[in-house]
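Here the structure is laid out as structure tokens; the discussion comes afterwards.
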Amino acid sequence: MKKLCLATLALTLSWALSAATITVSVIDRDLDIPLEGATISLQGYPEKTVTGSDGIANLELPPDFKRGLLITELPGYLGKRITVTADQEKVSVALSITDVIEGKELVVERTVPGKTDEKAGVSVVMNKDDMKTTANFGMVEDVMSSIMTLPGVGFSGGWNAQPSIRGGYPEEMGCVLDDVYIINPFHWGGAFSIFNPNMVETAKMSHGIFSSRYGRAMSGLLEVTTVKPKSDEVRFNVGISTISADAFAQVPLGQKASVFLGGKVTYLETLQILYDDIIGYKPRIDETMKTMPYIRDFYTKLYYDPSPELSIAVNGFVGTDGVGVEETSEEDGITTESKFDWSNLQGFAALHINWMPTSKNRVHLVGAYNNHTYDIDIQQLLSGTHAYSDAFLQEYGSLTGGATGYSMDGVDTTGFSRQIVHQGQAKLEADFQVFPNHVLTFGAEGILQASNIEEQFNTFYISDLGEYPELKPERYTLDAEGNRVINSSAYALWAFGAEESTLNGELGLRCEHYYLWNDNWDFNTLPVLNPRLSANWTPVRNRGILEKLTISAGTGLFAMFPITLLAAEDRYNIDDFEFGPNRAWFQVVGVETQFPNAWSFRIEGFYKHYFNRLYVTGFPNNETNQFDLEVADDGYGYATGFDFMIRKREGRYLDGYLSYSFVYAQYKNPTEPRGETTETMWGEPLDEWFFPQFHRFHTLNLVLNWKPANGWTVSLMGSFATGMPKEEVGEITMYPVLYNGQVIERYRRSSFYSDTLRTEFSCPVDLRLSYSNYFKNSKLRWEYYVGAEDILVNLYKPKGNTQFNPYTGKEIKDSDSADFNIGVPMFSVGYKLSY
């Protein structure tokens, strides 16, 4: 017996000394704090351990263990499974709080739409961790900074948050915030979006065959889900930087209700101090900016859960931005006084109701009001006398009548644009789980837009009808007051399979109808049907180094009402059913693989065919000095290409992703040119295939987050994009123009659309360094950061065609920049507090 006990003891000690151990660190994904009491286990093995107050637990691995699933569970949090191997010593796990209101059997087997349901062939989702560095970066912190680094999203340059999605026009991307269609979710005319990363929980870019639940988009849908306030304790985020400040808080209102609220303000006046007094570079901000660019935003969300089956939320947003510029310049005797004023106001209020009458049914109701108002005033006044050049007198001196120069008094450009758009939205949908992992959804929605648009621009154009060209006044007016359009739609879809199923996807059908009317006229369209199908097949799971291999495919039709028709007037004589929505047929196929340690690779190819594209052509009318507009919807086109993404998530020392997109997109407007009119009102050629102005063949993005030590993060965000189309231009030539009884010395340059000429490539690089930690014995987290945008701008700036002064023929300095920049890197320094 003694020998047996000694042998058993020796065997036990030998096993204990040889057993491998893995250290597991568990944190709250949102608060970045350690979680105590999380249970750690290996699938198929009885061994378990629990994390301590520091969120750390040591789990002994069985002797025969080589590779398997590590399971982490904690009440109130979504459980997580990750693949580990026997040679791993440490692993970090980030848990997120579970969504209890939408629990029960229905949601356990299927993710509720609008959440983080990333799917191959459909969407890519960015959560708070993914956007922690890319969105919290730069002069204005913006979720679109993260979205624009994803595959399929075209590079749009600096100060432009409106990208092309897989070759489509930027306006073809729809935006919804908590199921509310946003009219124009941008500040400063599209420079930045209204989506502050501190108010956003997830952002899902659907660049594939997105669900039939949504319309009003053709080339991509951005679904933004805001933070759901917690009802357990107060939480807040406060940030201040060199040019902006924001603050957001979650406040419990009893056990069943809570409120989330906050806002943002900018103060770009500090740029003058930063660049002038500190760096020594003096931009002309103080000379020209009479109203510095500003942003003022406020957002709130009230959540109330009266019972586990019912959830009610009310949210609202108000945002305003603007800028005012005044500048006076003098060149060769001509004084130019320029003014530009922009003001923009937008906001929405919405009611959301989720009700689960049974464990297998869900009813969802959304009611919202949205407003967008903007006001633009421009003015360019010319005065003074310009002397003829010697070359002009030698060539055209006989026309001048002995004069030595000409007066530019009265050759002015003035104008304004006022727009007010009101939008009401109502949506009702119901989910029915008919079998496990099979859900039928039926829904209907109506969107009513009422707009008042008034525009007037007074300028001059050159008429070539006489013996010599003549400078004539021209007026463009638009008075579309009281236009209303209603978009009614109904949809049905069948969602089959779950995340763990070998086959899952969605088959849907959406019917759209548009009706536009005013007090004096109306315009009806035929209903359109848009069937859509997307499917994911996962034949391989947990085999070798593969955690999962998924093959995706999808096809579908999409429709979108042309925004141009919102400004239609009765003078255009549009008949019922003469025009309809723009349409596109979209196909996608792809493969996604997932590997251990949160590595993944996705590649997708696509083809999109456009038809019924609407475009407008303006033909000058010399009798009225106005444009005669012609509307046509026989435009067509296509976009094809592929994109891929290599991603590493939740790395202890390194994470990030590499994305690449190739796009070949061409369009055609079949109307034949007439006279000197060879382009549409948007500058696109008539009756020939063309690449759109935003098109780029190749876009490569790299996002890296390096964490060399605890609390330190170095973030690099770089892009490489080939050039956009540029026109073929000729030599600058001199010619006489008659105006007000005198001869003006004028210069012109021929320009033609080119299929081959491109601007130079763009390669901006941004850098961010941050250090964060917690105050001792508290949940209060602080962070210091410093960032620099476009750090290579002093070494390289992409160039396009130069512009020139039409009265002197001289090229304008620095007018050949292909991307927006101020000539030096944009620096930002900030401090953040969160609890």
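Note on naming: chains are A, B, ... as they come in the structure tokens, residues start from 1 per chain, ligands start from 1 in the order shown.
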
Q: Report the residues of segment 534-577 of chain A whose backbone DSSP state falls under strand (DSSP E or B), written as a PyMOL selection string.
A: chain A and resi 534-543+546-560

Q.
Give me, as a ChimeraX atom specification, all polymer residues having an atom no more than 10 Å from Phe432 of chain A, counting only C-alpha atoms and skipping those fewer than 3 positions away in the same chain.
A. /A:106,358-363,435,438-442,494

Q) Can you list, as a ChimeraX atom specification, every protein, DNA or RNA residue that comes within 10 Å of segment 789-805 of chain A when you count only C-alpha atoms, leaving out same-chain residues fewer than 2 positions away? A) /A:137-139,158,331,717-718,722-729,732,746-749,757-768,787,807-828

(Q) To one decimal place in Å, what is the distance between atom CA of Gln379 of chain A and atom CA of Trp159 of chain A? (A) 23.2 Å

Q: Find, counting only C-alpha atoms, the residue in A:Met199, A:Gln456, A:Phe210, A:Phe579 that gets nearest to Gly262 of chain A.
A: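 Ranked by minimum distance to Gly262 of chain A, first place goes to A:Met199.
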